[in-house]
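Trainee: Enclosed is the structure file final17.json (JSON, C-alpha atoms and all ligand atoms).
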[["chain", "number", "residue", "atom", "x", "y", "z"],
["A", 1, "MET", "CA", 0.00, 0.00, 0.00],
["A", 2, "PRO", "CA", 1.58, 3.27, -1.01],
["A", 3, "GLU", "CA", 2.05, 5.39, 2.12],
["A", 4, "LEU", "CA", 3.60, 8.80, 2.80],
["A", 5, "PRO", "CA", 7.19, 7.90, 1.77],
["A", 6, "ASP", "CA", 6.13, 6.05, -1.40],
["A", 7, "LEU", "CA", 3.81, 8.82, -2.54],
["A", 8, "GLU", "CA", 6.27, 11.53, -1.58],
["A", 9, "ILE", "CA", 8.82, 10.01, -3.98],
["A", 10, "ILE", "CA", 6.20, 9.78, -6.74],
["A", 11, "ARG", "CA", 5.34, 13.42, -6.11],
["A", 12, "GLU", "CA", 9.01, 14.39, -6.29],
["A", 13, "TYR", "CA", 9.38, 12.47, -9.54],
["A", 14, "LEU", "CA", 6.33, 13.94, -11.26],
["A", 15, "ALA", "CA", 6.63, 17.52, -9.95],
["A", 16, "PRO", "CA", 9.33, 18.62, -12.44],
["A", 17, "ARG", "CA", 7.87, 16.54, -15.30],
["A", 18, "LEU", "CA", 4.10, 17.07, -15.48],
["A", 19, "PRO", "CA", 3.42, 20.80, -15.17],
["A", 20, "GLY", "CA", 2.90, 22.36, -18.62],
["A", 21, "VAL", "CA", 2.16, 18.98, -20.21],
["A", 22, "ALA", "CA", -1.30, 18.61, -21.83],
["A", 23, "VAL", "CA", -3.63, 15.64, -21.79],
["A", 24, "THR", "CA", -4.38, 14.50, -25.34],
["A", 25, "GLY", "CA", -6.38, 11.36, -24.68],
["A", 26, "VAL", "CA", -8.30, 9.69, -21.86],
["A", 27, "ASP", "CA", -9.18, 6.04, -21.53],
["A", 28, "THR", "CA", -11.00, 4.62, -18.51],
["A", 29, "PRO", "CA", -11.01, 0.83, -18.93],
["A", 30, "ARG", "CA", -12.39, 0.43, -15.39],
["A", 31, "PRO", "CA", -14.89, 3.27, -15.11],
["A", 32, "LEU", "CA", -16.05, 2.33, -11.60],
["A", 33, "ILE", "CA", -12.63, 3.34, -10.24],
["A", 34, "VAL", "CA", -12.54, 6.73, -11.93],
["A", 35, "ARG", "CA", -15.16, 9.13, -10.57],
["A", 36, "ASN", "CA", -15.72, 12.63, -11.88],
["A", 37, "LEU", "CA", -17.13, 14.52, -8.88],
["A", 38, "ALA", "CA", -16.72, 17.84, -10.70],
["A", 39, "GLY", "CA", -19.56, 16.85, -13.03],
["A", 40, "GLY", "CA", -19.70, 15.00, -16.36],
["A", 41, "GLU", "CA", -17.63, 12.13, -17.66],
["A", 42, "PRO", "CA", -13.84, 11.84, -17.00],
["A", 43, "ALA", "CA", -13.27, 11.63, -20.74],
["A", 44, "ASP", "CA", -14.88, 15.06, -21.21],
["A", 45, "ALA", "CA", -13.10, 16.88, -18.37],
["A", 46, "LEU", "CA", -9.46, 16.19, -19.18],
["A", 47, "PRO", "CA", -8.46, 16.35, -22.89],
["A", 48, "GLY", "CA", -6.75, 19.59, -23.85],
["A", 49, "ARG", "CA", -6.05, 20.48, -20.23],
["A", 50, "ARG", "CA", -2.54, 21.12, -18.97],
["A", 51, "PHE", "CA", -1.13, 20.02, -15.64],
["A", 52, "THR", "CA", -0.29, 22.90, -13.34],
["A", 53, "GLY", "CA", 1.03, 21.12, -10.26],
["A", 54, "VAL", "CA", 1.73, 17.89, -8.41],
["A", 55, "ALA", "CA", 1.14, 17.57, -4.67],
["A", 56, "ARG", "CA", 0.50, 14.96, -2.01],
["A", 57, "ARG", "CA", -1.97, 14.92, 0.86],
["A", 58, "GLY", "CA", -1.76, 11.91, 3.17],
["A", 59, "LYS", "CA", -1.91, 8.80, 1.03],
["A", 60, "ASN", "CA", -3.30, 10.69, -1.98],
["A", 61, "LEU", "CA", -1.51, 12.09, -5.02],
["A", 62, "LEU", "CA", -2.97, 15.36, -6.31],
["A", 63, "LEU", "CA", -2.54, 16.38, -9.94],
["A", 64, "SER", "CA", -3.96, 19.81, -10.68],
["A", 65, "LEU", "CA", -5.02, 21.02, -14.12],
["A", 66, "ASP", "CA", -5.40, 24.47, -15.66],
["A", 67, "SER", "CA", -9.20, 24.07, -15.73],
["A", 68, "GLY", "CA", -9.14, 24.25, -11.93],
["A", 69, "VAL", "CA", -9.95, 20.57, -11.41],
["A", 70, "THR", "CA", -7.65, 18.18, -9.55],
["A", 71, "ILE", "CA", -7.14, 14.50, -10.22],
["A", 72, "VAL", "CA", -6.94, 12.84, -6.78],
["A", 73, "ILE", "CA", -5.37, 9.38, -6.93],
["A", 74, "THR", "CA", -6.02, 7.24, -3.83],
["A", 75, "PRO", "CA", -4.10, 4.00, -4.41],
["A", 76, "MET", "CA", -5.30, 2.14, -1.27],
["A", 77, "LEU", "CA", -3.90, -1.40, -1.14],
["A", 78, "ALA", "CA", -2.49, -2.05, -4.57],
["A", 79, "GLY", "CA", -2.79, 0.99, -6.82],
["A", 80, "ARG", "CA", 0.26, 1.83, -8.95],
["A", 81, "ILE", "CA", 1.04, 4.98, -10.90],
["A", 82, "ARG", "CA", 3.12, 4.62, -14.03],
["A", 83, "TYR", "CA", 4.62, 7.51, -15.99],
["A", 84, "ALA", "CA", 6.58, 6.36, -19.03],
["A", 85, "ALA", "CA", 6.54, 5.87, -22.77],
["A", 86, "PRO", "CA", 3.21, 4.42, -23.95],
["A", 87, "LEU", "CA", 2.82, 0.69, -23.45],
["A", 88, "GLY", "CA", 0.69, 0.48, -26.58],
["A", 89, "LYS", "CA", -1.71, -1.97, -24.98],
["A", 90, "LYS", "CA", -4.11, -2.13, -22.10],
["A", 91, "ARG", "CA", -3.21, -4.34, -19.20],
["A", 92, "VAL", "CA", -5.82, -6.11, -17.14],
["A", 93, "ARG", "CA", -6.69, -3.79, -14.23],
["A", 94, "ASP", "CA", -5.49, -0.60, -15.85],
["A", 95, "ALA", "CA", -8.12, 1.85, -14.62],
["A", 96, "LEU", "CA", -7.06, 5.13, -16.21],
["A", 97, "ILE", "CA", -4.73, 5.89, -19.10],
["A", 98, "LEU", "CA", -3.88, 9.51, -19.91],
["A", 99, "SER", "CA", -2.04, 10.15, -23.18],
["A", 100, "LEU", "CA", 0.15, 13.24, -22.95],
["A", 101, "ASP", "CA", 1.43, 15.71, -25.52],
["A", 102, "ASN", "CA", 5.06, 15.11, -24.52],
["A", 103, "GLY", "CA", 4.86, 11.56, -25.87],
["A", 104, "MET", "CA", 4.51, 9.97, -22.44],
["A", 105, "GLU", "CA", 1.52, 8.45, -20.73],
["A", 106, "LEU", "CA", 0.27, 8.34, -17.16],
["A", 107, "ARG", "CA", -1.48, 5.17, -16.05],
["A", 108, "TYR", "CA", -3.24, 4.17, -12.89],
["A", 109, "HIS", "CA", -3.29, 0.39, -12.41],
["A", 110, "ASP", "CA", -5.01, -1.35, -9.52],
["A", 111, "ALA", "CA", -4.66, -5.10, -9.05],
["A", 112, "LYS", "CA", -7.23, -5.13, -6.25],
["A", 113, "ASP", "CA", -9.70, -2.56, -7.59],
["A", 114, "MET", "CA", -9.69, -0.97, -4.13],
["A", 115, "GLY", "CA", -8.24, 2.42, -4.94],
["A", 116, "LYS", "CA", -10.00, 5.34, -6.55],
["A", 117, "VAL", "CA", -9.30, 8.21, -8.89],
["A", 118, "TYR", "CA", -11.46, 11.25, -8.25],
["A", 119, "ILE", "CA", -11.73, 14.30, -10.47],
["A", 120, "VAL", "CA", -12.77, 17.17, -8.22],
["A", 121, "ALA", "CA", -13.41, 20.88, -8.52],
["A", 122, "ASP", "CA", -12.72, 21.33, -4.80],
["A", 123, "LEU", "CA", -10.29, 19.07, -2.89],
["A", 124, "ASN", "CA", -12.83, 18.64, -0.11],
["A", 125, "GLN", "CA", -15.04, 16.73, -2.55],
["A", 126, "ALA", "CA", -12.61, 13.80, -2.29],
["A", 127, "PRO", "CA", -13.75, 11.40, 0.48],
["A", 128, "GLY", "CA", -11.87, 11.79, 3.76],
["A", 129, "MET", "CA", -9.99, 14.89, 2.66],
["A", 130, "MET", "CA", -11.84, 17.39, 4.82],
["A", 131, "GLU", "CA", -11.44, 15.34, 8.02],
["A", 132, "MET", "CA", -7.76, 14.53, 7.45],
["A", 133, "GLY", "CA", -5.30, 15.35, 10.21],
["A", 134, "PRO", "CA", -1.92, 17.08, 9.71],
["A", 135, "GLU", "CA", 0.76, 15.36, 7.67],
["A", 136, "ALA", "CA", 2.83, 12.96, 9.77],
["A", 137, "ASP", "CA", 5.95, 14.81, 8.57],
["A", 138, "ASP", "CA", 4.51, 18.32, 8.99],
["A", 139, "PRO", "CA", 7.09, 20.52, 10.79],
["A", 140, "ALA", "CA", 4.18, 22.24, 12.58],
["A", 141, "LEU", "CA", 3.24, 18.91, 14.18],
["A", 142, "THR", "CA", 5.47, 19.30, 17.23],
["A", 143, "LEU", "CA", 5.70, 16.77, 20.05],
["A", 144, "GLY", "CA", 3.30, 18.95, 22.04],
["A", 145, "ALA", "CA", 0.77, 19.09, 19.20],
["A", 146, "PHE", "CA", 1.16, 15.33, 18.70],
["A", 147, "ARG", "CA", 0.42, 14.67, 22.40],
["A", 148, "GLU", "CA", -2.68, 16.87, 22.29],
["A", 149, "ARG", "CA", -4.05, 15.17, 19.17],
["A", 150, "LEU", "CA", -3.31, 11.72, 20.59],
["A", 151, "LYS", "CA", -5.48, 12.37, 23.65],
["A", 152, "LYS", "CA", -8.57, 12.57, 21.45],
["A", 153, "HIS", "CA", -8.06, 9.10, 20.01],
["A", 154, "GLN", "CA", -8.89, 5.88, 21.84],
["A", 155, "GLY", "CA", -8.21, 2.23, 21.16],
["A", 156, "GLU", "CA", -5.17, 0.29, 20.04],
["A", 157, "ILE", "CA", -2.19, 2.43, 19.15],
["A", 158, "LYS", "CA", -1.67, 0.90, 15.71],
["A", 159, "GLY", "CA", -5.25, 1.75, 14.81],
["A", 160, "VAL", "CA", -4.71, 5.32, 16.00],
["A", 161, "LEU", "CA", -1.47, 5.73, 14.00],
["A", 162, "THR", "CA", -3.15, 4.55, 10.80],
["A", 163, "ASN", "CA", -6.25, 6.70, 11.36],
["A", 164, "GLN", "CA", -5.88, 9.49, 8.80],
["A", 165, "ARG", "CA", -7.93, 11.81, 11.03],
["A", 166, "PHE", "CA", -5.16, 11.58, 13.63],
["A", 167, "VAL", "CA", -2.21, 12.12, 11.30],
["A", 168, "ALA", "CA", -2.14, 11.67, 7.54],
["A", 169, "GLY", "CA", 0.14, 9.37, 5.57],
["A", 170, "ILE", "CA", 0.76, 6.32, 7.75],
["A", 171, "GLY", "CA", -0.60, 2.91, 6.73],
["A", 172, "ASN", "CA", -0.07, -0.68, 7.77],
["A", 173, "ALA", "CA", 3.60, -1.00, 6.81],
["A", 174, "TYR", "CA", 5.01, 2.21, 8.29],
["A", 175, "ALA", "CA", 2.88, 1.84, 11.43],
["A", 176, "ASP", "CA", 4.69, -1.47, 12.03],
["A", 177, "GLU", "CA", 8.07, 0.18, 11.46],
["A", 178, "ILE", "CA", 7.29, 3.08, 13.78],
["A", 179, "LEU", "CA", 5.96, 0.87, 16.60],
["A", 180, "TRP", "CA", 8.93, -1.48, 16.33],
["A", 181, "CYS", "CA", 11.31, 1.50, 16.44],
["A", 182, "ALA", "CA", 9.50, 2.81, 19.53],
["A", 183, "ALA", "CA", 9.40, -0.66, 21.14],
["A", 184, "ILE", "CA", 5.63, -0.46, 21.64],
["A", 185, "TYR", "CA", 3.33, -3.46, 21.27],
["A", 186, "PRO", "CA", 0.92, -2.62, 18.39],
["A", 187, "MET", "CA", -2.16, -3.66, 20.36],
["A", 188, "ARG", "CA", -1.41, -1.47, 23.39],
["A", 189, "ARG", "CA", -4.27, 0.82, 24.32],
["A", 190, "ARG", "CA", -3.43, 4.42, 23.55],
["A", 191, "ALA", "CA", -4.41, 5.46, 27.08],
["A", 192, "SER", "CA", -1.86, 3.05, 28.59],
["A", 193, "LEU", "CA", 1.13, 4.77, 26.93],
["A", 194, "SER", "CA", 3.45, 6.69, 29.25],
["A", 195, "GLU", "CA", 4.65, 10.22, 28.46],
["A", 196, "GLN", "CA", 8.02, 8.74, 27.58],
["A", 197, "GLU", "CA", 6.48, 6.19, 25.22],
["A", 198, "VAL", "CA", 4.51, 8.88, 23.43],
["A", 199, "GLU", "CA", 7.72, 10.85, 22.92],
["A", 200, "ARG", "CA", 9.44, 7.75, 21.55],
["A", 201, "LEU", "CA", 6.48, 7.14, 19.25],
["A", 202, "TYR", "CA", 6.68, 10.69, 17.93],
["A", 203, "ASN", "CA", 10.44, 10.55, 17.38],
["A", 204, "CYS", "CA", 10.19, 7.16, 15.69],
["A", 205, "MET", "CA", 7.39, 8.40, 13.42],
["A", 206, "ARG", "CA", 9.64, 11.19, 12.19],
["A", 207, "ILE", "CA", 12.75, 8.99, 11.92],
["A", 208, "ALA", "CA", 11.07, 6.07, 10.14],
["A", 209, "LEU", "CA", 9.33, 8.26, 7.57],
["A", 210, "GLN", "CA", 12.36, 10.46, 6.91],
["A", 211, "ARG", "CA", 14.72, 7.51, 6.50],
["A", 212, "ALA", "CA", 12.27, 5.79, 4.16],
["A", 213, "VAL", "CA", 11.99, 8.90, 1.98],
["A", 214, "GLU", "CA", 15.79, 9.13, 1.83],
["A", 215, "THR", "CA", 16.16, 5.45, 0.94],
["A", 216, "LEU", "CA", 13.41, 5.51, -1.67],
["A", 217, "ARG", "CA", 14.86, 8.65, -3.23],
["A", 218, "GLU", "CA", 18.00, 6.63, -4.00],
["A", 219, "ARG", "CA", 16.27, 3.40, -4.91],
["A", 220, "VAL", "CA", 13.13, 4.14, -6.94],
["A", 221, "GLY", "CA", 14.47, 5.97, -10.02],
["A", 222, "ASP", "CA", 12.13, 5.96, -13.03],
["A", 223, "ARG", "CA", 10.12, 2.96, -11.88],
["A", 224, "ILE", "CA", 7.64, 4.80, -9.71],
["A", 225, "ASP", "CA", 5.16, 1.98, -10.32],
["A", 226, "VAL", "CA", 7.30, -0.53, -8.40],
["A", 227, "GLU", "CA", 6.95, -0.51, -4.63],
["A", 228, "VAL", "CA", 10.28, -0.84, -2.81],
["A", 229, "ARG", "CA", 9.86, -2.28, 0.67],
["A", 230, "ASP", "CA", 12.81, -4.66, 1.12],
["A", 231, "PHE", "CA", 14.72, -2.13, 3.27],
["A", 232, "LEU", "CA", 12.11, -2.08, 6.03],
["A", 233, "ALA", "CA", 13.26, -3.38, 9.40],
["A", 234, "ILE", "CA", 10.33, -5.61, 10.22],
["A", 235, "HIS", "CA", 7.23, -5.18, 8.06],
["A", 236, "GLY", "CA", 6.89, -7.90, 5.44],
["A", 237, "LYS", "CA", 9.73, -9.96, 6.94],
["A", 238, "ASP", "CA", 7.97, -13.30, 7.14],
["A", 239, "ASP", "CA", 10.08, -15.79, 9.10],
["A", 240, "GLY", "CA", 12.60, -13.00, 9.59],
["A", 241, "GLU", "CA", 14.73, -12.04, 12.56],
["A", 242, "CYS", "CA", 14.34, -8.85, 14.53],
["A", 243, "PRO", "CA", 17.30, -6.59, 13.58],
["A", 244, "ARG", "CA", 17.50, -5.36, 17.19],
["A", 245, "CYS", "CA", 17.36, -8.52, 19.30],
["A", 246, "GLY", "CA", 17.64, -11.36, 16.79],
["A", 247, "GLY", "CA", 14.32, -12.85, 17.92],
["A", 248, "ARG", "CA", 11.80, -14.24, 15.47],
["A", 249, "ILE", "CA", 9.39, -11.68, 14.04],
["A", 250, "SER", "CA", 5.75, -12.36, 14.91],
["A", 251, "THR", "CA", 2.70, -11.68, 12.77],
["A", 252, "ILE", "CA", -0.99, -11.22, 13.45],
["A", 253, "THR", "CA", -3.42, -11.08, 10.54],
["A", 254, "TYR", "CA", -6.72, -9.38, 11.03],
["A", 255, "GLU", "CA", -9.14, -8.37, 8.29],
["A", 256, "ARG", "CA", -6.63, -9.05, 5.49],
["A", 257, "SER", "CA", -3.98, -6.82, 7.02],
["A", 258, "THR", "CA", -0.91, -8.30, 8.69],
["A", 259, "THR", "CA", 0.89, -6.71, 11.64],
["A", 260, "TYR", "CA", 4.58, -7.53, 12.09],
["A", 261, "PHE", "CA", 6.20, -7.05, 15.46],
["A", 262, "CYS", "CA", 8.84, -8.46, 17.81],
["A", 263, "ARG", "CA", 7.53, -10.09, 20.99],
["A", 264, "ASN", "CA", 10.87, -9.39, 22.68],
["A", 265, "CYS", "CA", 11.27, -5.73, 21.82],
["A", 266, "GLN", "CA", 7.54, -4.92, 21.85],
["A", 267, "PRO", "CA", 6.20, -6.91, 24.79],
["A", 268, "GLY", "CA", 2.44, -7.17, 25.08],
["A", 269, "LEU", "CA", 2.52, -6.89, 28.84],
["A", 270, "MET", "CA", 3.12, -3.59, 30.53],
["A", 271, "VAL", "CA", 6.29, -4.86, 32.20],
["A", 272, "ASN", "CA", 9.42, -5.08, 30.11],
["A", 273, "LYS", "CA", 11.08, -7.78, 32.24],
["A", 274, "GLY", "CA", 14.00, -5.49, 33.01],
["A", 275, "ARG", "CA", 15.81, -5.92, 29.73],
["A", 276, "SER", "CA", 17.48, -2.82, 28.43],
["A", 277, "LEU", "CA", 16.74, -1.89, 24.85],
["A", 278, "GLU", "CA", 18.68, 0.41, 22.63],
["A", 279, "LEU", "CA", 16.17, 3.03, 21.67],
["A", 280, "PRO", "CA", 16.66, 5.86, 19.21],
["A", 281, "GLY", "CA", 16.98, 9.47, 20.18],
["A", 282, "ARG", "CA", 15.76, 12.34, 18.04],
["A", 283, "ASN", "CA", 18.38, 11.69, 15.38],
["A", 301, "ZN", "ZN", 13.38, -7.64, 18.83]]
Would it be possible to restate this file's structure as structure tokens?

Mentor:
Amino acid sequence: MPELPDLEIIREYLAPRLPGVAVTGVDTPRPLIVRNLAGGEPADALPGRRFTGVARRGKNLLLSLDSGVTIVITPMLAGRIRYAAPLGKKRVRDALILSLDNGMELRYHDAKDMGKVYIVADLNQAPGMMEMGPEADDPALTLGAFRERLKKHQGEIKGVLTNQRFVAGIGNAYADEILWCAAIYPMRRRASLSEQEVERLYNCMRIALQRAVETLRERVGDRIDVEVRDFLAIHGKDDGECPRCGGRISTITYERSTTYFCRNCQPGLMVNKGRSLELPGRN
């Protein structure tokens, strides 16, 4: 699932390339995924229009056009954005294909049909946008502001971290990385976290996201449609070892989403059995 770091790299890639480029053709092989909330059909709204900007909000990519509309791509679990020379054929599960006047094409492909592409006149027309919290990497989101926001959210801490109303941009994979970094059991109740644990959580959120952006910036290159996740410490490491303690990584699958954690470093009980862990500071 593309999350803040993945989409940030796609934004960085497209930002110097798309503005000024015009859409010459629109194909929507899977029309249920592409919704024109600005009125009319997608195929009518886009041809002849030029891109004016590329931005990101949470786990959404925003492509603005000179007509004032914005294409909001919400990739959810499996959506992929491809910007390259035309493939010359439709692939199964291609949902939107934009031909461009610079000879390239922009495709949205979704193997699970769970994502959406919205064409909106006002960003708040896109579902969830109005209620979204601050970006997880927003400099204005200080530790103090983070603490205050956290108080309003109940339940298990992983659920809070991935709630876009709390902070925007974190999904299943980076929540696992952040909680492992902070040595917090993913199913801990938010209210049970100590002041110190909340500070660790905040620091780890910043560290994990920033390091991922830096790594992806070096690794992704032109293949923005390929998700790079092999550098993660714990998420996706089936049968792997915890890089901190060497213990076996545990998984819990619930509603098709798998949580990875280390039972040693992230104990489920409140007591940490007196072991000392090496925990990260601000840098
Ligand atoms: Zn461990």

Trainee: Excluding same-chain residues fewer than 2 positions from segment 186-193 of chain A, what lies within 10 Å of it counting only C-alpha atoms, as a VMD selection string?

Mentor: chain A and resid 150 to 161 175 to 176 178 to 180 183 to 184 195 to 199 201 259 to 262 266 to 270

Trainee: What's around Ser64 of chain A at 10 Å? Count only C-alpha atoms, leave out sequence neighbours fewer than 6 positions away in its own chain, and write the answer as a PDB file with C-alpha atoms, in the frame of the given file.

Mentor:
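The resulting file, part-v7.pdb, is shown below:
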ATOM      1  CA  LEU A  18       4.100  17.070 -15.480  1.00  0.00           C
ATOM      2  CA  PRO A  19       3.420  20.800 -15.170  1.00  0.00           C
ATOM      3  CA  ARG A  49      -6.050  20.480 -20.230  1.00  0.00           C
ATOM      4  CA  ARG A  50      -2.540  21.120 -18.970  1.00  0.00           C
ATOM      5  CA  PHE A  51      -1.130  20.020 -15.640  1.00  0.00           C
ATOM      6  CA  THR A  52      -0.290  22.900 -13.340  1.00  0.00           C
ATOM      7  CA  GLY A  53       1.030  21.120 -10.260  1.00  0.00           C
ATOM      8  CA  VAL A  54       1.730  17.890  -8.410  1.00  0.00           C
ATOM      9  CA  ALA A  55       1.140  17.570  -4.670  1.00  0.00           C
ATOM     10  CA  THR A  70      -7.650  18.180  -9.550  1.00  0.00           C
ATOM     11  CA  ILE A  71      -7.140  14.500 -10.220  1.00  0.00           C
ATOM     12  CA  VAL A  72      -6.940  12.840  -6.780  1.00  0.00           C
ATOM     13  CA  ILE A 119     -11.730  14.300 -10.470  1.00  0.00           C
ATOM     14  CA  VAL A 120     -12.770  17.170  -8.220  1.00  0.00           C
ATOM     15  CA  ALA A 121     -13.410  20.880  -8.520  1.00  0.00           C
TER      16      ALA A 121
END

Trainee: Against ligand ZN 301 (chain A), which residues of chain A fall within 10 Å? For each one I want the closest pair of atoms and the distance in Å (one decimal), counting only C-alpha atoms and all ligand atoms, rows by chain and increasing residue number, as JSON lines.

Mentor:
{"residue": "A:Trp180", "atom": "CA", "partner": "A:ZN301", "partner_atom": "ZN", "distance": 8.0}
{"residue": "A:Cys181", "atom": "CA", "partner": "A:ZN301", "partner_atom": "ZN", "distance": 9.7}
{"residue": "A:Ala183", "atom": "CA", "partner": "A:ZN301", "partner_atom": "ZN", "distance": 8.4}
{"residue": "A:Ile234", "atom": "CA", "partner": "A:ZN301", "partner_atom": "ZN", "distance": 9.4}
{"residue": "A:Glu241", "atom": "CA", "partner": "A:ZN301", "partner_atom": "ZN", "distance": 7.8}
{"residue": "A:Cys242", "atom": "CA", "partner": "A:ZN301", "partner_atom": "ZN", "distance": 4.6}
{"residue": "A:Pro243", "atom": "CA", "partner": "A:ZN301", "partner_atom": "ZN", "distance": 6.6}
{"residue": "A:Arg244", "atom": "CA", "partner": "A:ZN301", "partner_atom": "ZN", "distance": 5.0}
{"residue": "A:Cys245", "atom": "CA", "partner": "A:ZN301", "partner_atom": "ZN", "distance": 4.1}
{"residue": "A:Gly246", "atom": "CA", "partner": "A:ZN301", "partner_atom": "ZN", "distance": 6.0}
{"residue": "A:Gly247", "atom": "CA", "partner": "A:ZN301", "partner_atom": "ZN", "distance": 5.4}
{"residue": "A:Arg248", "atom": "CA", "partner": "A:ZN301", "partner_atom": "ZN", "distance": 7.6}
{"residue": "A:Ile249", "atom": "CA", "partner": "A:ZN301", "partner_atom": "ZN", "distance": 7.4}
{"residue": "A:Ser250", "atom": "CA", "partner": "A:ZN301", "partner_atom": "ZN", "distance": 9.8}
{"residue": "A:Phe261", "atom": "CA", "partner": "A:ZN301", "partner_atom": "ZN", "distance": 8.0}
{"residue": "A:Cys262", "atom": "CA", "partner": "A:ZN301", "partner_atom": "ZN", "distance": 4.7}
{"residue": "A:Arg263", "atom": "CA", "partner": "A:ZN301", "partner_atom": "ZN", "distance": 6.7}
{"residue": "A:Asn264", "atom": "CA", "partner": "A:ZN301", "partner_atom": "ZN", "distance": 4.9}
{"residue": "A:Cys265", "atom": "CA", "partner": "A:ZN301", "partner_atom": "ZN", "distance": 4.1}
{"residue": "A:Gln266", "atom": "CA", "partner": "A:ZN301", "partner_atom": "ZN", "distance": 7.1}
{"residue": "A:Pro267", "atom": "CA", "partner": "A:ZN301", "partner_atom": "ZN", "distance": 9.4}
{"residue": "A:Leu277", "atom": "CA", "partner": "A:ZN301", "partner_atom": "ZN", "distance": 9.0}

Trainee: Please work out which residues fall within 12 Å of (13.2, 1.7, -2.2), coordinates as given in the file, with all atoms listed in the file counting, and return them as a list in words.

Mentor: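 Collected hits near the coordinates: Pro2, Pro5, Asp6, Leu7, Ile9, Ile10, Arg211, Ala212, Val213, Glu214, Thr215, Leu216, Arg217, Glu218, Arg219, Val220, Gly221, Asp222, Arg223, Ile224, Asp225, Val226, Glu227, Val228, Arg229, Asp230, Phe231 and Leu232 of chain A.
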
Trainee: Provide the atom CA of Ser67 of chain A to atom CA of Arg107 of chain A distance in Å, to one decimal place.

Mentor: 20.4 Å

Trainee: Figure out the distance between atom CA of Thr142 of chain A and atom CA of Glu177 of chain A, please, to one decimal in Å.

Mentor: 20.1 Å

Trainee: My list of candidates is A:Ile73, A:Met104, A:Met130, A:Ala173. Which is closest to Ile33 of chain A when distances are computed with all atoms listed in the file?

Mentor: A:Ile73

Trainee: Quick one: pull the distance between atom CA of Pro16 of chain A and atom CA of Asn60 of chain A, Å, one decimal.

Mentor: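 We find that atom CA of Pro16 of chain A and atom CA of Asn60 of chain A lie 18.2 Å from each other.
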
Trainee: Using all atoms listed in the file, which protein or nucleic acid residues come within 7 Å of Met114 of chain A? Drop anything in the same chain fewer than 2 positions from it, and give the result as a list in words.

Mentor: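 So, after excluding close chain neighbours, the residues are Met76, Leu77, Lys112 and Lys116 of chain A.
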
Trainee: Under the rule that all atoms listed in the file are counted, which of A:Leu141, A:Ala136, A:Leu87, A:Ala168 is the nearest residue to Met205 of chain A?

Mentor: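 For Met205 of chain A, the nearest of the given residues is A:Ala136.
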
Trainee: Please provide as a PyMOL selection string all residues within 12 Å of Pro42 of chain A, with the sequence filter that same-chain residues fewer than 3 positions apart are discarded (counting only C-alpha atoms).

Mentor: chain A and resi 23+25-39+45-47+69-71+95-98+117-120

Trainee: Please determine, counting only C-alpha atoms, which residue among A:Gly115, A:Gly48, A:Gly133, A:Gly88 has the shortest atom-to-atom distance to Pro75 of chain A.

Mentor: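 Between A:Gly115, A:Gly48, A:Gly133, A:Gly88, the residue approaching Pro75 of chain A most closely is A:Gly115.
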
Trainee: Write out as a CSV table (one decimal) with C-alpha atoms, in the coordinates of the input which residues come within 7 Å of Ile170 of chain A when counting all atoms listed in the file, dropping same-chain ones fewer than 6 positions away.

Mentor:
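Result file follows (selection-v7.csv):
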chain,number,residue,atom,x,y,z
A,3,GLU,CA,2.0,5.4,2.1
A,4,LEU,CA,3.6,8.8,2.8
A,161,LEU,CA,-1.5,5.7,14.0
A,162,THR,CA,-3.2,4.6,10.8

Trainee: Using only C-alpha atoms, which of A:Lys59, A:His109, A:Arg200, A:Arg82 sits nearest Asp94 of chain A?

Mentor: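 Closest to Asp94 of chain A, using only C-alpha atoms: A:His109.
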